[in-house]
>>> print(open('query-v8.cif').read())   # mmCIF, C-alpha atoms
data_query
loop_
_atom_site.label_atom_id
_atom_site.label_comp_id
_atom_site.auth_asym_id
_atom_site.auth_seq_id
_atom_site.Cartn_x
_atom_site.Cartn_y
_atom_site.Cartn_z
CA ILE B 1 19.91 26.23 73.53
CA ILE B 2 17.12 25.82 70.98
CA GLY B 3 15.05 22.68 71.52
CA LEU B 4 14.70 21.17 74.99
CA GLY B 5 14.11 17.54 74.08
CA TYR B 6 16.27 14.50 74.88
CA VAL B 7 19.34 16.35 73.51
CA GLY B 8 18.80 19.99 74.47
CA LEU B 9 17.68 19.49 78.07
CA PRO B 10 20.60 17.25 79.17
CA LEU B 11 23.00 19.63 77.40
CA SER B 12 21.43 22.54 79.28
CA ILE B 13 21.97 20.71 82.57
CA ALA B 14 25.60 19.99 81.66
CA PHE B 15 26.28 23.71 81.13
CA LEU B 16 24.31 24.70 84.22
CA ASN B 17 26.34 22.26 86.32
CA LYS B 18 29.47 24.16 85.26
CA ASN B 19 28.01 27.52 86.32
CA PHE B 20 26.91 28.74 82.89
CA LYS B 21 23.68 30.67 82.59
CA VAL B 22 21.42 28.98 80.04
CA ILE B 23 18.44 30.29 78.09
CA GLY B 24 16.37 27.39 76.80
CA LEU B 25 14.19 28.19 73.79
CA GLU B 26 11.30 25.80 73.21
CA LEU B 27 8.08 26.03 71.18
CA ASP B 28 6.19 23.39 73.17
CA GLN B 29 4.31 25.34 75.85
CA THR B 30 3.70 22.18 77.89
CA LYS B 31 7.45 21.63 78.22
CA ILE B 32 7.97 25.28 79.14
CA ASN B 33 5.31 25.12 81.85
CA THR B 34 6.77 21.89 83.24
CA LEU B 35 10.31 23.30 83.41
CA LYS B 36 9.16 26.57 84.94
CA LYS B 37 7.65 24.52 87.77
CA GLY B 38 11.08 22.96 88.25
CA GLU B 39 9.94 19.58 86.98
CA SER B 40 11.48 17.21 84.45
CA TYR B 41 9.72 15.35 81.64
CA LEU B 42 12.69 13.07 80.90
CA ASN B 43 13.04 9.98 83.07
CA HIS B 44 16.85 10.19 83.28
CA ILE B 45 16.86 13.87 84.31
CA PRO B 46 15.76 14.31 87.96
CA SER B 47 13.49 17.27 88.72
CA GLU B 48 15.89 18.33 91.48
CA GLU B 49 18.53 19.08 88.85
CA ILE B 50 16.17 21.56 87.23
CA SER B 51 14.29 23.20 90.09
CA SER B 52 17.27 24.85 91.80
CA TYR B 53 18.51 26.40 88.54
CA VAL B 54 15.03 27.68 87.66
CA THR B 55 14.59 29.15 91.16
CA LYS B 56 17.98 30.88 91.00
CA LYS B 57 17.16 32.12 87.46
CA LYS B 58 20.25 30.45 86.08
CA PHE B 59 17.99 28.53 83.69
CA ILE B 60 15.58 30.74 81.76
CA VAL B 61 12.98 28.88 79.70
CA SER B 62 11.08 30.75 76.99
CA LYS B 63 9.67 30.64 73.46
CA ASN B 64 10.76 34.23 72.77
CA PHE B 65 13.67 34.18 70.31
CA LYS B 66 14.58 37.76 71.17
CA ASN B 67 16.51 36.15 74.02
CA ILE B 68 19.15 35.23 71.43
CA THR B 69 20.48 38.79 71.71
CA LYS B 70 21.48 38.00 75.34
CA ALA B 71 23.55 34.94 74.40
CA ASP B 72 27.18 34.49 73.38
CA VAL B 73 26.51 31.01 72.00
CA VAL B 74 23.43 29.55 70.30
CA ILE B 75 23.17 25.75 70.07
CA ILE B 76 20.50 24.20 67.84
CA CYS B 77 19.13 20.88 69.14
CA VAL B 78 15.96 20.40 67.11
CA PRO B 79 14.66 17.21 65.42
CA THR B 80 15.60 16.23 61.87
CA PRO B 81 12.85 13.81 60.76
CA LEU B 82 12.13 12.22 57.39
CA ASN B 83 9.17 13.20 55.22
CA LYS B 84 6.73 10.71 53.70
CA PHE B 85 9.13 10.15 50.79
CA ARG B 86 11.89 9.14 53.25
CA GLU B 87 13.79 12.34 52.48
CA PRO B 88 15.33 14.73 55.04
CA ASP B 89 12.97 17.28 56.55
CA LEU B 90 15.16 20.21 57.56
CA GLY B 91 12.11 22.30 58.46
CA PRO B 92 12.90 22.53 62.20
CA VAL B 93 16.56 23.45 61.50
CA LEU B 94 15.66 26.07 58.89
CA SER B 95 12.92 27.50 61.10
CA SER B 96 15.42 27.86 63.96
CA ALA B 97 17.99 29.47 61.66
CA SER B 98 15.39 31.88 60.31
CA LYS B 99 14.56 33.00 63.83
CA ILE B 100 18.23 33.22 64.83
CA GLN B 101 19.24 35.45 61.90
CA LYS B 102 16.72 38.09 62.94
CA PHE B 103 18.55 38.54 66.24
CA LEU B 104 22.07 37.46 65.28
CA LYS B 105 24.83 39.77 66.50
CA LYS B 106 28.53 40.10 65.80
CA GLY B 107 30.81 37.68 67.62
CA GLN B 108 28.18 35.03 68.34
CA LEU B 109 28.98 31.34 67.95
CA ILE B 110 26.22 29.21 66.37
CA ILE B 111 26.45 25.42 66.71
CA LEU B 112 24.21 22.82 65.10
CA GLU B 113 23.85 19.51 66.98
CA SER B 114 20.97 17.99 65.03
CA SER B 115 21.81 14.89 62.95
CA THR B 116 21.93 15.74 59.25
CA TYR B 117 23.65 15.11 55.93
CA PRO B 118 27.11 16.50 55.05
CA GLY B 119 26.86 20.05 53.80
CA THR B 120 23.93 21.19 55.91
CA THR B 121 26.02 23.46 58.14
CA ASP B 122 28.30 25.06 55.55
CA ASP B 123 25.61 25.37 52.89
CA VAL B 124 21.99 25.32 54.09
CA LEU B 125 22.54 26.83 57.54
CA THR B 126 25.07 29.39 56.32
CA LYS B 127 22.73 30.72 53.60
CA GLU B 128 19.91 31.21 56.09
CA LEU B 129 22.06 32.84 58.78
CA GLU B 130 23.77 35.19 56.31
CA LYS B 131 20.37 36.73 55.58
CA SER B 132 21.21 38.72 58.71
CA SER B 133 23.79 40.56 56.53
CA LEU B 134 26.56 39.25 58.81
CA LYS B 135 29.35 37.16 57.24
CA VAL B 136 29.91 33.59 58.44
CA ASN B 137 33.23 32.85 60.18
CA GLU B 138 34.09 36.55 60.04
CA GLU B 139 31.33 38.41 61.89
CA PHE B 140 29.71 35.36 63.45
CA PHE B 141 31.08 31.85 63.83
CA LEU B 142 29.60 28.49 62.90
CA ALA B 143 30.32 24.90 63.90
CA TYR B 144 28.76 21.46 63.89
CA SER B 145 28.89 19.11 66.88
CA PRO B 146 26.65 16.05 66.63
CA GLU B 147 24.71 14.93 69.67
CA ARG B 148 25.61 11.51 71.07
CA GLU B 149 22.89 11.07 73.65
CA ASP B 150 21.90 7.62 74.89
CA PRO B 151 18.98 8.33 77.24
CA GLY B 152 18.85 6.06 80.27
CA ASN B 153 22.40 4.74 79.83
CA LYS B 154 23.80 4.78 83.36
CA LYS B 155 27.41 4.34 82.19
CA PHE B 156 27.49 7.53 80.14
CA SER B 157 26.10 11.05 80.42
CA THR B 158 26.32 14.20 78.31
CA SER B 159 29.47 15.29 80.11
CA THR B 160 31.31 11.95 79.79
CA ILE B 161 30.55 11.04 76.15
CA PRO B 162 33.39 12.25 73.85
CA LYS B 163 32.25 15.23 71.78
CA ILE B 164 32.98 15.62 68.06
CA VAL B 165 33.44 19.23 66.92
CA GLY B 166 33.89 20.34 63.32
CA ALA B 167 34.03 23.77 61.69
CA ASP B 168 35.33 25.19 58.46
CA THR B 169 37.86 27.61 59.91
CA LEU B 170 40.50 27.09 62.58
CA PHE B 171 39.12 29.92 64.72
CA SER B 172 35.55 28.59 64.67
CA ARG B 173 36.81 25.11 65.58
CA LYS B 174 38.81 26.59 68.43
CA LEU B 175 35.83 28.55 69.77
CA ALA B 176 33.51 25.55 69.70
CA SER B 177 36.02 23.10 71.15
CA GLU B 178 36.98 25.45 73.99
CA LEU B 179 33.30 25.89 74.82
CA TYR B 180 32.58 22.16 75.03
CA LYS B 181 35.80 21.50 76.96
CA LYS B 182 34.24 23.49 79.81
CA VAL B 183 31.51 20.89 80.24
CA ILE B 184 32.61 17.67 78.50
CA SER B 185 35.59 15.56 79.51
CA ASP B 186 36.84 14.67 76.02
CA VAL B 187 36.48 16.88 72.91
CA VAL B 188 37.62 15.57 69.51
CA THR B 189 38.03 18.13 66.71
CA VAL B 190 37.78 17.31 63.00
CA SER B 191 38.73 19.40 60.00
CA SER B 192 35.30 20.57 58.82
CA SER B 193 31.60 20.63 59.55
CA ARG B 194 31.04 18.12 56.72
CA THR B 195 33.45 15.69 58.38
CA ALA B 196 31.62 16.03 61.70
CA GLU B 197 28.25 15.52 59.97
CA ALA B 198 29.61 12.43 58.20
CA THR B 199 30.98 11.10 61.50
CA LYS B 200 27.54 11.17 63.10
CA LEU B 201 25.91 9.41 60.16
CA THR B 202 28.68 6.80 60.02
CA GLU B 203 28.14 5.90 63.68
CA ASN B 204 24.43 5.32 63.17
CA ILE B 205 24.76 3.61 59.78
CA PHE B 206 27.29 1.20 61.32
CA ARG B 207 24.74 0.28 63.96
CA SER B 208 21.85 0.04 61.52
CA VAL B 209 23.71 -2.23 59.09
CA ASN B 210 24.98 -4.55 61.83
CA ILE B 211 21.56 -4.81 63.44
CA ALA B 212 20.12 -5.67 60.02
CA LEU B 213 22.80 -8.33 59.53
CA VAL B 214 22.06 -10.06 62.82
CA ASN B 215 18.31 -9.74 62.19
CA GLU B 216 18.77 -11.51 58.86
CA LEU B 217 20.90 -14.18 60.52
CA LYS B 218 18.10 -14.65 63.04
CA THR B 219 15.60 -15.47 60.29
CA ILE B 220 18.08 -17.86 58.58
CA TYR B 221 19.06 -19.73 61.75
CA ASP B 222 15.44 -19.88 62.84
CA VAL B 223 14.47 -22.16 59.93
CA MET B 224 17.62 -24.22 60.61
CA ASP B 225 16.54 -24.65 64.25
CA ILE B 226 19.74 -22.96 65.50
CA ASP B 227 19.64 -20.68 68.54
CA ILE B 228 20.97 -17.26 67.40
CA TRP B 229 21.59 -16.20 70.99
CA GLU B 230 23.85 -19.20 71.61
CA VAL B 231 25.67 -18.46 68.34
CA ILE B 232 26.28 -14.81 69.31
CA GLU B 233 27.43 -15.78 72.81
CA ALA B 234 29.93 -18.24 71.36
CA ALA B 235 31.13 -15.85 68.62
CA ALA B 236 31.66 -13.10 71.21
CA THR B 237 34.40 -15.18 72.85
CA LYS B 238 36.66 -14.28 69.91
CA PRO B 239 38.91 -11.48 71.25
CA PHE B 240 39.38 -9.76 67.87
CA GLY B 241 37.53 -9.14 64.62
CA TYR B 242 34.03 -9.55 66.05
CA MET B 243 31.57 -7.29 67.85
CA PRO B 244 28.29 -8.76 69.14
CA PHE B 245 24.99 -7.33 67.90
CA TYR B 246 21.63 -8.76 68.91
CA PRO B 247 18.41 -9.35 66.94
CA GLY B 248 15.17 -7.61 67.78
CA PRO B 249 11.77 -6.59 66.41
CA GLY B 250 13.24 -3.87 64.18
CA LEU B 251 14.57 -0.47 65.19
CA GLY B 252 13.30 2.10 67.66
CA GLY B 253 14.19 5.62 68.68
CA HIS B 254 14.79 8.67 66.53
CA CYS B 255 18.34 8.17 65.27
CA ILE B 256 18.97 4.69 63.88
CA PRO B 257 15.79 4.31 61.75
CA ILE B 258 16.17 7.82 60.29
CA ASP B 259 19.75 9.10 60.12
CA PRO B 260 21.09 6.59 57.54
CA PHE B 261 18.62 7.90 54.97
CA TYR B 262 20.10 11.39 55.28
CA LEU B 263 23.19 9.97 53.61
CA THR B 264 21.26 8.04 50.95
CA TYR B 265 19.52 11.32 50.08
CA LYS B 266 22.78 13.24 49.76
CA ALA B 267 24.52 10.38 47.90
CA ARG B 268 21.89 10.56 45.13
CA GLU B 269 23.13 14.08 44.41
CA TYR B 270 26.52 12.52 43.58
CA GLU B 271 24.91 9.55 41.74
CA VAL B 272 26.44 7.09 44.20
CA PRO B 273 24.42 4.00 45.19
CA THR B 274 23.88 3.19 48.87
CA LYS B 275 22.90 -0.49 48.64
CA PHE B 276 23.99 -1.53 52.12
CA ILE B 277 22.12 1.29 53.83
CA GLU B 278 18.91 0.74 51.88
CA LEU B 279 19.02 -3.05 52.30
CA ALA B 280 19.56 -2.63 56.05
CA GLY B 281 16.50 -0.40 56.16
CA GLU B 282 14.41 -3.02 54.34
CA ILE B 283 15.52 -5.85 56.65
CA ASN B 284 14.95 -3.87 59.84
CA THR B 285 11.56 -2.67 58.61
CA SER B 286 10.51 -6.27 57.91
CA MET B 287 11.41 -7.57 61.38
CA PRO B 288 8.12 -6.62 63.11
CA HIS B 289 6.31 -8.88 60.60
CA PHE B 290 8.70 -11.73 61.38
CA VAL B 291 8.19 -11.29 65.13
CA LEU B 292 4.42 -11.07 64.72
CA LYS B 293 4.39 -14.32 62.71
CA LYS B 294 6.42 -16.03 65.43
CA VAL B 295 3.95 -14.85 68.09
CA ILE B 296 0.96 -16.05 66.01
CA ASP B 297 2.62 -19.44 65.45
CA SER B 298 3.34 -19.79 69.18
CA LEU B 299 -0.23 -18.90 70.12
CA SER B 300 -1.53 -21.41 67.58
CA LEU B 301 0.49 -24.14 69.29
CA ILE B 302 -0.97 -23.18 72.69
CA SER B 303 -4.55 -23.26 71.41
#
>>> encode(input="query-v8.cif", output="structure tokens")
Amino acid sequence: IIGLGYVGLPLSIAFLNKNFKVIGLELDQTKINTLKKGESYLNHIPSEEISSYVTKKKFIVSKNFKNITKADVVIICVPTPLNKFREPDLGPVLSSASKIQKFLKKGQLIILESSTYPGTTDDVLTKELEKSSLKVNEEFFLAYSPEREDPGNKKFSTSTIPKIVGADTLFSRKLASELYKKVISDVVTVSSSRTAEATKLTENIFRSVNIALVNELKTIYDVMDIDIWEVIEAAATKPFGYMPFYPGPGLGGHCIPIDPFYLTYKAREYEVPTKFIELAGEINTSMPHFVLKKVIDSLSLIS
């Protein structure tokens, strides 16, 4: 597993819990040192879950990519940030693929879990991996399975969140789905890597747009002296056609503020406008200013 952040480390634990041997590849030496001491740096992953596997050498942590030659499966769990122009930065994914192709061997299954735009797996990743001189979906196999982590959520864990798996050939889909079925209770296959990539973006765009909508409603009802929380509570009594979202000071985390713009970037290639997505981004970005103004106004009243 490449990348031992909030996605890669829980996934490693899920495989370890099912008696797989896991090699975790990580560039951050601080993380490597912490894990080698049997300690966790994620609040929702107890150190006890790590220490026994490290002691038994079931969990090998390293920055040496030569370890790829020892693996049957390589799963990429690296960040996919935006650059200063709010465009996708696939640097971490491409860097991982470049390192993988140097040690790629016949029969290996490569899976990308990082959130990205449709076409990354079957185009960008394929081109980089085929520099190994091995042919995709013939000599090595490729799939996309988006992460669905929700750190700190006590109702769901890596092993209980349904897993989407997409690949461009039936055999690659079968390989990837059978792998995840060993550690995850529900695996859902889709027809292609592009479909799986689009599924991940759709989930996060849905959330982003609905948060933006309720944030805008908050600003409207605020000037009307209407309590948005009371409105949402009342609306949520409707048993169909409504799903409650709640206002806040914008968006946090890695996924929701970033992932929607992976689709806006790709849509420009097809000359398709993405008005909803971009407007949602503008509204959510403006919310900290709204909250700050409310705080200043409240403090002015106190003084």
>>> resolve_selection(input="query-v8.cif", expression="the PyMOL selection byres ((chain B and resi 201) around 9)", output="MDAnalysis selection string")
chainID B and resid 115:118 196:200 202:206 259:260 262:263
>>> residues_around(input="query-v8.cif", residues="range 11-23 of chain B", least_positions_apart="2", cutoff="7 Å", atoms="only C-alpha atoms", output="list in words")
Ile1, Val7, Gly8, Leu9, Leu25, Lys58, Phe59, Ile60, Val61, Thr158, Ser159 and Val183 of chain B
>>> atom_distance(input="query-v8.cif", atom1="CA of Ala236 in chain B", atom2="CA of Asp222 in chain B")
19.5 Å
>>> residues_around(input="query-v8.cif", residues="range 218-221 of chain B", least_positions_apart="4", cutoff="10 Å", atoms="all atoms listed in the file", output="ChimeraX atom specification")
/B:212-214,225-229,231,246-248,287,290-291
>>> residues_around(input="query-v8.cif", residues="Ser114 in chain B", least_positions_apart="2", cutoff="6 Å", atoms="all atoms listed in the file", output="list in words")
Cys77, Val78 and Leu112 of chain B
>>> write_last_selection(input="query-v8.cif", atoms="C-alpha atoms", output="PDB file, in the coordinates of the input")
ATOM      1  CA  CYS B  77      19.130  20.880  69.140  1.00  0.00           C
ATOM      2  CA  VAL B  78      15.960  20.400  67.110  1.00  0.00           C
ATOM      3  CA  LEU B 112      24.210  22.820  65.100  1.00  0.00           C
TER       4      LEU B 112
END
>>> resolve_selection(input="query-v8.cif", expression="the PyMOL selection byres ((chain B and resi 136) around 12)", output="VMD selection string")
chain B and resid 101 104 to 110 121 to 123 125 to 135 137 to 143 167 to 169 171 to 172
>>> atom_distance(input="query-v8.cif", atom1="CA of Thr69 in chain B", atom2="CA of Ile32 in chain B")
19.9 Å
>>> atom_distance(input="query-v8.cif", atom1="CA of Pro249 in chain B", atom2="CA of Ile211 in chain B")
10.4 Å
>>> residues_around(input="query-v8.cif", residues="Ala280 in chain B", least_positions_apart="2", cutoff="6 Å", atoms="only C-alpha atoms", output="list in words")
Val209, Ala212, Ile277, Glu278, Glu282 and Ile283 of chain B
>>> closest_residue(input="query-v8.cif", among="B:Pro10, B:Gly91, B:Gly3, B:Gly38", to="Arg148 in chain B", atoms="only C-alpha atoms")
B:Pro10
